[in-house]
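Read the structure below first, then the notes.
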Amino acid sequence: MLIEEKMLTAFRGEDGLCRLKPERGGRYKYTDYPELLAELHESAKRPNLMRDGALKTVFTWNYFEELSDRVDHGIVAMLAFTNLVPVLPITRNWMAFQHQAAGHACRQTTFIGTVLEPKPEIKLAFIEIARANFYARGGWFEDAQTDQRLTDSYGATIHALGLSFGEQARAELCESIYPVDANTSSMSICFHDVGDLTYLTEDEHAKPLILFLSANSD
């Protein structure tokens with residue numbers, strides 16, 4: 001569904017950010033239980049869009065035929081917020097998506113993003129990445145820890161393009177989700193026209209990712 005600020009306002013915390021993912025609290029040690037319980041109690045008081053709101057998501061596979069060249073290995077690129085969402089510029093269409101990924105694990109990843117058209121050479125590179133990882137490990141490429149060789153190969157490929165993926169991006173890596181750190185450099189490498197979006201990548205707290213999405217093998 002198309003996202004407008006009026007849909008998010010009621011779910012913004014005191015820091016002005018909207019949260020998509022539940023907060024887990026602190027350390028999971030028995031000796032820290034009172035502290036953990038207190039943190040979870042405070043977390044429950046903070047608004048959360050997925051828990052408290054009526055966020056209707058669009059399944060990405062409904063859009064693949066019109067947004068990608070081929071359903072099996074086509075690529076759709078987005079600037080996406082996977083957790084903390086700031087106030088979004090009204091000059092772009094923002095949508096709440098749900099993408100099924102990670103092969104047979106069928107991981108449902110929810111994010112708010114805007115579709116961007118990658119440069120031809122970048123699109124071709126990520127189509128090859130999608131082909132190489134389609135049904136990887138028999139359809140069990142669940143995350144960056146599944147197979148270090150797959151993760152290292154992905155890292156080497158995007159580094160050769162001048163791109164990177166840090167901790168936040170690594171947390172999203174799996175079959176059919178190929179994340180890249182979003183910053184001024186990567187935006188200019190990946191896209192011709194980013195307009196007013198670059199400033200969104202400069203917020204270290206509510207930082208978006210560039211996601212290259214393909215169809216999942218399952």
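How things are named: the first chain in the structure tokens is A, the next is B, and so on; residues count from 1 in each chain; ligands count from 1 in the order shown.
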Give me the residues near stretch 111-123 of chain A as a PyMOL selection string, where near means some atom within 8 Å (using only C-alpha atoms) and where sequence neighbours in that chain fewer than 4 positions away do not count.
chain A and resi 20+75-83+85+92-98+127+189-192+194
Using the chain letters and numbers from this document, which residues of stretch 139-209 of chain A does DSSP assign to strand (DSSP E), as a ChimeraX atom specification?
/A:177-181,209
Ranking A:Gln148, A:His104, A:Ile177, A:Ala206 by minimum distance to A:Ala130 and counting only C-alpha atoms, which one comes first?
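Residue with the minimum atom-to-atom distance to A:Ala130: A:Ile177.
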Point out the residue among A:Glu167, A:Glu128, A:Asp203, A:Glu175 with the least atom-to-atom distance to A:Arg107, counting only C-alpha atoms.
A:Glu175
Please report the interatomic distance between atom CA of A:Ala102 and atom CA of A:Phe134 in Å with one decimal.
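Result for atom CA of A:Ala102 versus atom CA of A:Phe134: 9.6 Å, one decimal.
Here atom CA of A:Leu124 is placed at a distance of 23.8 Å from atom CA of A:Gly138.
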Just the number, please: distance in Å from atom CA of A:Asn133 to atom CA of A:Ala169, one decimal.
16.8 Å
